[in-house]
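Enquirer: Following this line is entry05.csv, made up of CSV, N, CA and C atoms:
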chain,number,residue,atom,x,y,z
A,28,MET,N,0.9,-1.2,0.0
A,28,MET,CA,0.0,0.0,0.0
A,28,MET,C,0.9,1.2,0.0
A,29,ASP,N,0.8,2.1,-1.0
A,29,ASP,CA,1.6,3.3,-1.1
A,29,ASP,C,0.7,4.5,-1.1
A,30,THR,N,0.7,5.2,0.0
A,30,THR,CA,-0.2,6.4,0.1
A,30,THR,C,0.7,7.6,0.5
A,31,LEU,N,0.0,8.7,0.5
A,31,LEU,CA,0.7,9.9,1.0
A,31,LEU,C,1.3,9.7,2.4
A,32,PHE,N,0.6,9.0,3.2
A,32,PHE,CA,1.1,8.7,4.6
A,32,PHE,C,2.3,7.8,4.6
A,33,THR,N,2.3,6.8,3.8
A,33,THR,CA,3.5,5.9,3.8
A,33,THR,C,4.7,6.7,3.2
A,34,LYS,N,4.4,7.6,2.4
A,34,LYS,CA,5.5,8.4,1.9
A,34,LYS,C,6.1,9.4,3.0
A,35,ILE,N,5.2,9.8,3.9
A,35,ILE,CA,5.6,10.6,5.0
A,35,ILE,C,6.4,9.7,6.0
A,36,ILE,N,5.9,8.5,6.2
A,36,ILE,CA,6.6,7.6,7.1
A,36,ILE,C,8.0,7.3,6.6
A,37,ASN,N,8.1,7.1,5.3
A,37,ASN,CA,9.4,6.8,4.7
A,37,ASN,C,10.2,8.0,4.4
A,38,ARG,N,9.7,9.2,4.8
A,38,ARG,CA,10.5,10.5,4.6
A,38,ARG,C,10.7,10.8,3.1
A,39,GLU,N,9.8,10.4,2.3
A,39,GLU,CA,9.8,10.8,0.9
A,39,GLU,C,9.1,12.1,0.7
A,40,ILE,N,8.2,12.4,1.6
A,40,ILE,CA,7.5,13.7,1.6
A,40,ILE,C,7.7,14.3,3.0
A,41,PRO,N,8.0,15.6,3.0
A,41,PRO,CA,8.3,16.3,4.3
A,41,PRO,C,7.0,16.5,5.1
A,42,ALA,N,7.1,16.5,6.4
A,42,ALA,CA,6.0,16.8,7.3
A,42,ALA,C,6.6,17.4,8.6
A,43,LYS,N,5.8,18.1,9.3
A,43,LYS,CA,6.2,18.7,10.6
A,43,LYS,C,5.8,17.7,11.7
A,44,ILE,N,6.7,16.8,11.9
A,44,ILE,CA,6.5,15.7,12.8
A,44,ILE,C,6.6,16.1,14.3
A,45,ILE,N,5.6,15.7,15.1
A,45,ILE,CA,5.6,16.1,16.5
A,45,ILE,C,5.8,14.9,17.4
A,46,TYR,N,5.7,13.7,16.9
A,46,TYR,CA,6.0,12.5,17.7
A,46,TYR,C,6.2,11.3,16.8
A,47,GLU,N,7.1,10.5,17.2
A,47,GLU,CA,7.3,9.2,16.5
A,47,GLU,C,7.8,8.2,17.4
A,48,ASP,N,7.3,6.9,17.2
A,48,ASP,CA,7.9,5.8,17.9
A,48,ASP,C,7.9,4.6,16.9
A,49,ASP,N,8.1,3.4,17.4
A,49,ASP,CA,8.2,2.3,16.4
A,49,ASP,C,6.8,1.9,15.8
A,50,GLN,N,5.7,2.4,16.4
A,50,GLN,CA,4.4,2.0,15.9
A,50,GLN,C,3.6,3.1,15.2
A,51,ILE,N,3.9,4.4,15.6
A,51,ILE,CA,3.0,5.5,15.1
A,51,ILE,C,3.8,6.7,14.8
A,52,LEU,N,3.2,7.6,14.1
A,52,LEU,CA,3.8,8.9,13.7
A,52,LEU,C,2.7,10.0,13.9
A,53,ALA,N,3.0,11.1,14.4
A,53,ALA,CA,2.1,12.2,14.5
A,53,ALA,C,2.7,13.5,13.9
A,54,PHE,N,1.9,14.2,13.2
A,54,PHE,CA,2.4,15.4,12.5
A,54,PHE,C,1.3,16.4,12.3
A,55,HIS,N,1.7,17.7,12.1
A,55,HIS,CA,0.8,18.7,11.9
A,55,HIS,C,0.1,18.6,10.5
A,56,ASP,N,-1.2,18.9,10.5
A,56,ASP,CA,-2.0,18.9,9.2
A,56,ASP,C,-1.5,20.0,8.3
A,57,ILE,N,-1.4,19.8,7.0
A,57,ILE,CA,-1.0,20.8,6.1
A,57,ILE,C,-2.1,21.8,5.8
A,58,ALA,N,-3.3,21.5,6.1
A,58,ALA,CA,-4.4,22.5,5.9
A,58,ALA,C,-5.2,22.5,7.2
A,59,PRO,N,-4.7,23.1,8.3
A,59,PRO,CA,-5.3,23.0,9.6
A,59,PRO,C,-6.7,23.7,9.6
A,60,GLN,N,-7.6,23.0,10.3
A,60,GLN,CA,-9.0,23.5,10.5
A,60,GLN,C,-9.2,24.0,11.9
A,61,ALA,N,-8.2,24.1,12.7
A,61,ALA,CA,-8.2,24.6,14.0
A,61,ALA,C,-6.8,25.1,14.4
A,62,PRO,N,-6.7,25.9,15.4
A,62,PRO,CA,-5.3,26.4,15.8
A,62,PRO,C,-4.4,25.2,16.1
A,63,VAL,N,-4.9,24.1,16.7
A,63,VAL,CA,-4.1,22.9,16.8
A,63,VAL,C,-4.8,21.9,15.9
A,64,HIS,N,-4.1,21.3,15.0
A,64,HIS,CA,-4.7,20.2,14.1
A,64,HIS,C,-3.5,19.4,13.7
A,65,PHE,N,-3.5,18.2,14.2
A,65,PHE,CA,-2.5,17.2,13.9
A,65,PHE,C,-3.1,15.9,13.6
A,66,LEU,N,-2.3,15.0,12.9
A,66,LEU,CA,-2.8,13.6,12.6
A,66,LEU,C,-1.9,12.6,13.4
A,67,VAL,N,-2.5,11.5,13.7
A,67,VAL,CA,-1.8,10.4,14.3
A,67,VAL,C,-2.1,9.2,13.4
A,68,ILE,N,-1.0,8.6,12.9
A,68,ILE,CA,-1.1,7.5,11.9
A,68,ILE,C,-0.3,6.3,12.4
A,69,PRO,N,-0.8,5.1,12.1
A,69,PRO,CA,0.1,3.9,12.4
A,69,PRO,C,1.1,3.7,11.3
A,70,LYS,N,2.2,3.2,11.6
A,70,LYS,CA,3.2,2.9,10.6
A,70,LYS,C,2.8,1.6,9.9
A,71,LYS,N,2.0,0.8,10.5
A,71,LYS,CA,1.4,-0.4,9.9
A,71,LYS,C,0.4,0.1,8.9
A,72,PRO,N,0.4,-0.3,7.6
A,72,PRO,CA,-0.6,0.1,6.7
A,72,PRO,C,-1.9,-0.6,6.9
A,73,VAL,N,-2.9,0.2,7.3
A,73,VAL,CA,-4.3,-0.3,7.5
A,73,VAL,C,-5.2,0.6,6.7
A,74,ARG,N,-5.9,0.1,5.7
A,74,ARG,CA,-6.7,1.0,4.8
A,74,ARG,C,-7.8,1.8,5.4
A,75,THR,N,-8.6,1.1,6.2
A,75,THR,CA,-9.8,1.8,6.8
A,75,THR,C,-10.0,1.2,8.2
A,76,LEU,N,-10.9,1.9,8.9
A,76,LEU,CA,-11.2,1.4,10.3
A,76,LEU,C,-11.9,0.0,10.1
A,77,ASN,N,-12.6,-0.3,9.0
A,77,ASN,CA,-13.2,-1.6,8.8
A,77,ASN,C,-12.1,-2.7,8.7
A,78,ASP,N,-10.9,-2.3,8.4
A,78,ASP,CA,-9.8,-3.3,8.2
A,78,ASP,C,-9.0,-3.6,9.5
A,79,LEU,N,-9.3,-2.9,10.6
A,79,LEU,CA,-8.7,-3.2,11.8
A,79,LEU,C,-9.1,-4.6,12.3
A,80,THR,N,-8.2,-5.3,12.9
A,80,THR,CA,-8.5,-6.7,13.4
A,80,THR,C,-8.3,-6.7,14.9
A,81,GLU,N,-8.7,-7.7,15.5
A,81,GLU,CA,-8.4,-7.9,17.0
A,81,GLU,C,-7.0,-7.8,17.3
A,82,ASP,N,-6.1,-8.1,16.4
A,82,ASP,CA,-4.7,-8.0,16.6
A,82,ASP,C,-4.2,-6.5,16.7
A,83,ASP,N,-5.1,-5.6,16.2
A,83,ASP,CA,-4.7,-4.2,16.2
A,83,ASP,C,-5.3,-3.4,17.4
A,84,ARG,N,-5.8,-4.1,18.4
A,84,ARG,CA,-6.4,-3.4,19.5
A,84,ARG,C,-5.3,-2.6,20.2
A,85,ALA,N,-4.2,-3.1,20.5
A,85,ALA,CA,-3.2,-2.4,21.2
A,85,ALA,C,-2.7,-1.2,20.4
A,86,LEU,N,-2.6,-1.3,19.1
A,86,LEU,CA,-2.2,-0.2,18.2
A,86,LEU,C,-3.2,0.9,18.3
A,87,ALA,N,-4.5,0.5,18.2
A,87,ALA,CA,-5.5,1.6,18.2
A,87,ALA,C,-5.5,2.3,19.5
A,88,GLY,N,-5.4,1.6,20.6
A,88,GLY,CA,-5.3,2.2,21.9
A,88,GLY,C,-4.1,3.1,22.0
A,89,HIS,N,-3.0,2.7,21.5
A,89,HIS,CA,-1.8,3.5,21.5
A,89,HIS,C,-2.0,4.8,20.8
A,90,MET,N,-2.6,4.7,19.6
A,90,MET,CA,-2.9,5.9,18.8
A,90,MET,C,-3.8,6.9,19.6
A,91,LEU,N,-4.8,6.4,20.3
A,91,LEU,CA,-5.7,7.2,21.1
A,91,LEU,C,-5.0,7.9,22.3
A,92,PHE,N,-4.3,7.1,23.0
A,92,PHE,CA,-3.6,7.7,24.2
A,92,PHE,C,-2.5,8.7,23.8
A,93,THR,N,-1.9,8.4,22.6
A,93,THR,CA,-0.9,9.4,22.1
A,93,THR,C,-1.6,10.7,21.7
A,94,ALA,N,-2.7,10.6,21.0
A,94,ALA,CA,-3.5,11.7,20.6
A,94,ALA,C,-3.8,12.6,21.9
A,95,GLN,N,-4.3,11.9,22.9
A,95,GLN,CA,-4.7,12.6,24.2
A,95,GLN,C,-3.4,13.3,24.7
A,96,ARG,N,-2.3,12.6,24.9
A,96,ARG,CA,-1.1,13.2,25.5
A,96,ARG,C,-0.6,14.4,24.6
A,97,LEU,N,-0.6,14.3,23.3
A,97,LEU,CA,-0.1,15.4,22.5
A,97,LEU,C,-1.0,16.5,22.5
A,98,ALA,N,-2.3,16.3,22.5
A,98,ALA,CA,-3.3,17.4,22.5
A,98,ALA,C,-3.1,18.2,23.8
A,99,ASN,N,-2.9,17.6,24.9
A,99,ASN,CA,-2.7,18.3,26.2
A,99,ASN,C,-1.4,19.0,26.2
A,100,GLU,N,-0.3,18.4,25.6
A,100,GLU,CA,1.0,19.1,25.5
A,100,GLU,C,0.9,20.3,24.6
A,101,LEU,N,0.0,20.3,23.6
A,101,LEU,CA,-0.1,21.4,22.7
A,101,LEU,C,-1.1,22.4,23.1
A,102,GLY,N,-1.6,22.3,24.4
A,102,GLY,CA,-2.4,23.4,25.0
A,102,GLY,C,-3.9,23.2,24.8
A,103,CYS,N,-4.4,21.9,24.6
A,103,CYS,CA,-5.8,21.7,24.4
A,103,CYS,C,-6.5,21.1,25.7
A,104,GLU,N,-6.0,21.5,26.9
A,104,GLU,CA,-6.5,20.9,28.1
A,104,GLU,C,-8.0,21.1,28.3
A,105,GLN,N,-8.5,22.2,27.7
A,105,GLN,CA,-10.0,22.5,27.9
A,105,GLN,C,-10.8,21.8,26.9
A,106,GLY,N,-10.2,21.0,26.0
A,106,GLY,CA,-11.0,20.2,25.1
A,106,GLY,C,-10.4,20.1,23.7
A,107,PHE,N,-10.7,19.0,23.1
A,107,PHE,CA,-10.3,18.8,21.7
A,107,PHE,C,-11.2,17.8,21.1
A,108,ARG,N,-11.1,17.6,19.8
A,108,ARG,CA,-11.9,16.6,19.0
A,108,ARG,C,-11.0,15.7,18.3
A,109,VAL,N,-11.3,14.4,18.3
A,109,VAL,CA,-10.6,13.4,17.6
A,109,VAL,C,-11.6,12.8,16.6
A,110,VAL,N,-11.1,12.8,15.3
A,110,VAL,CA,-12.0,12.4,14.2
A,110,VAL,C,-11.3,11.3,13.4
A,111,MET,N,-12.0,10.2,13.1
A,111,MET,CA,-11.5,9.2,12.2
A,111,MET,C,-12.5,9.0,11.1
A,112,ASN,N,-12.2,9.2,9.9
A,112,ASN,CA,-13.1,9.0,8.8
A,112,ASN,C,-13.0,7.6,8.2
A,113,CYS,N,-14.1,7.0,7.8
A,113,CYS,CA,-14.0,5.7,7.2
A,113,CYS,C,-14.8,5.6,5.9
A,114,ASN,N,-14.0,5.3,4.8
A,114,ASN,CA,-14.5,5.2,3.5
A,114,ASN,C,-15.1,6.5,2.9
A,115,GLU,N,-15.6,6.4,1.7
A,115,GLU,CA,-16.0,7.6,1.0
A,115,GLU,C,-17.1,8.4,1.7
A,116,LEU,N,-18.1,7.7,2.1
A,116,LEU,CA,-19.2,8.4,2.7
A,116,LEU,C,-18.9,9.0,4.1
A,117,GLY,N,-17.9,8.4,4.7
A,117,GLY,CA,-17.4,8.9,6.0
A,117,GLY,C,-16.4,10.1,5.8
A,118,GLY,N,-16.0,10.4,4.6
A,118,GLY,CA,-15.1,11.5,4.3
A,118,GLY,C,-13.6,11.1,4.2
A,119,GLN,N,-13.3,9.8,4.1
A,119,GLN,CA,-11.9,9.4,4.1
A,119,GLN,C,-11.4,9.7,2.7
A,120,THR,N,-10.2,10.3,2.6
A,120,THR,CA,-9.6,10.6,1.3
A,120,THR,C,-8.3,10.0,1.2
A,121,VAL,N,-7.6,9.6,2.3
A,121,VAL,CA,-6.4,8.9,2.2
A,121,VAL,C,-6.6,7.5,2.9
A,122,TYR,N,-6.4,6.5,2.1
A,122,TYR,CA,-6.8,5.1,2.6
A,122,TYR,C,-5.6,4.5,3.3
A,123,HIS,N,-5.4,5.1,4.5
A,123,HIS,CA,-4.4,4.7,5.5
A,123,HIS,C,-5.0,5.3,6.8
A,124,ILE,N,-5.5,4.5,7.7
A,124,ILE,CA,-6.2,5.0,8.8
A,124,ILE,C,-5.4,6.1,9.5
A,125,HIS,N,-6.1,7.1,10.0
A,125,HIS,CA,-5.5,8.3,10.7
A,125,HIS,C,-6.5,9.0,11.6
A,126,MET,N,-6.0,9.6,12.6
A,126,MET,CA,-6.8,10.4,13.5
A,126,MET,C,-6.5,11.8,13.3
A,127,HIS,N,-7.5,12.6,13.1
A,127,HIS,CA,-7.4,14.1,13.2
A,127,HIS,C,-7.6,14.5,14.6
A,128,VAL,N,-6.7,15.3,15.1
A,128,VAL,CA,-6.9,15.9,16.5
A,128,VAL,C,-7.0,17.4,16.3
A,129,LEU,N,-8.1,18.0,16.7
A,129,LEU,CA,-8.3,19.4,16.6
A,129,LEU,C,-8.6,20.1,17.9
A,130,GLY,N,-8.0,21.2,18.1
A,130,GLY,CA,-8.3,21.9,19.4
A,130,GLY,C,-8.0,23.4,19.4
A,131,GLN,N,-8.2,24.0,20.5
A,131,GLN,CA,-8.0,25.4,20.8
A,131,GLN,C,-9.0,26.3,20.0
A,132,ARG,N,-10.2,25.7,19.7
A,132,ARG,CA,-11.3,26.5,19.3
A,132,ARG,C,-12.6,25.7,19.6
A,133,GLN,N,-13.7,26.4,19.7
A,133,GLN,CA,-15.0,25.8,20.0
A,133,GLN,C,-15.4,24.9,18.9
A,134,MET,N,-15.7,23.6,19.2
A,134,MET,CA,-16.2,22.7,18.2
A,134,MET,C,-17.7,22.7,18.2
A,135,HIS,N,-18.3,22.5,17.1
A,135,HIS,CA,-19.8,22.5,16.9
A,135,HIS,C,-20.3,21.1,16.5
A,136,TRP,N,-21.6,20.9,16.7
A,136,TRP,CA,-22.2,19.6,16.3
A,136,TRP,C,-23.5,19.9,15.6
A,137,PRO,N,-23.9,19.3,14.6
A,137,PRO,CA,-23.1,18.2,13.9
A,137,PRO,C,-21.9,18.8,13.1
A,138,PRO,N,-20.9,18.0,12.9
A,138,PRO,CA,-19.7,18.5,12.3
A,138,PRO,C,-19.9,18.8,10.8
A,139,GLY,N,-20.9,18.2,10.1
A,139,GLY,CA,-21.1,18.5,8.7
A,139,GLY,C,-20.8,17.5,7.8
Translate this file's structure into structure tokens.
Expert:
Amino acid sequence: MDTLFTKIINREIPAKIIYEDDQILAFHDIAPQAPVHFLVIPKKPVRTLNDLTEDDRALAGHMLFTAQRLANELGCEQGFRVVMNCNELGGQTVYHIHMHVLGQRQMHWPPG
């Protein structure tokens, strides 16, 4: 699977990386929708949320806890939003799962 995100993981495309370990990568969004807007992606290629398996439970949890920690480190203690899109109707445009983390502005519902 060769996507924009695998190219970022492989350093073929530059990104403003804010966190990396052996399982995940977090970086600032190139078109931010909030004062804080970053993505958390697994290094393991998983196309959609529907493609996660029981074996990916620890990875998914690691992504979520990293999103929480980074959001707080970046000043979002009063609140933030985590969004994961799945497939075309869910708004997914890059077929490599990823979390958008947005903060430092009031979020509204429904998101649209």
Enquirer: Quick one: pick out all strand (DSSP E or B) residues within chain A from a backbone DSSP run and write them as JSON, numbers by chain.
Expert: {"A": [44, 45, 46, 47, 51, 52, 53, 54, 55, 63, 64, 65, 66, 67, 68, 69, 107, 108, 109, 110, 126, 127, 128, 129, 130]}
Enquirer: Find, counting only C-alpha atoms, the residue in A:His55, A:Gly130, A:Ala61, A:Leu79 that gets nearest to Gln105 (chain A).
Expert: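 Smallest distance to Gln105 (chain A) is found for A:Gly130.
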Enquirer: Neighbouring residues of Gln119 (chain A) were defined as those with any atom within 12 Å, considering only C-alpha atoms; residues of the same chain fewer than 5 positions away were excluded. Please report them as a list of chain:residue names.
Expert: A:Arg74, A:Thr75, A:Leu76, A:Val110, A:Met111, A:Asn112, A:Cys113, A:Asn114, A:Ile124, A:His125, A:Met126, A:His127
Enquirer: Show which residues sit within 12 Å of Gly106 (chain A), as number ranges by chain. Count only C-alpha atoms, and ignore same-chain residues fewer than 3 positions away.
Expert: A: 63, 95, 98-99, 101-103, 109, 128-134
Enquirer: Within 8 Å of region 66-70 of chain A, counting all atoms listed in the file, which residues show up once you throw out same-chain ones fewer than 6 positions away? Write them as a PyMOL selection string, please.
Expert: chain A and resi 32-33+36+48-57+86+90-91+93-94+123-129
Enquirer: Do you have the CA of Arg38 (chain A)-atom N of Val121 (chain A) distance handy?
Expert: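 Calculated distance between CA of Arg38 (chain A) and atom N of Val121 (chain A) is 18.3 Å.
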Enquirer: List every residue of chain A that DSSP, applied to the backbone, labels as helix (DSSP H, G or I), and write the result as a ChimeraX atom specification.
Expert: /A:31-36,76-78,81-100,115-117
Enquirer: As an exercise, work out the distance from CA of Ile44 (chain A) to CA of Met28 (chain A) in Å and give it to one decimal place.
Expert: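 Between these atoms lies a distance of 21.3 Å.
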Enquirer: Which of these residues is nearest to Leu31 (chain A), using only N, CA and C atoms: A:Ala87, A:Tyr122, A:Lys43, A:Thr80?
Expert: A:Tyr122
Enquirer: Find the distance between atom N of Tyr46 (chain A) and atom C of Lys34 (chain A) and write it in Å to one decimal.
Expert: 14.6 Å
Enquirer: Is there a way to get, as a list in words, all residues within 7 Å of the point (-1.5, 1.1, -0.1) in file coordinates, counting only C-alpha atoms?
Expert: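 Every residue inside that radius is included here: Met28, Asp29, Thr30 and Pro72 of chain A.
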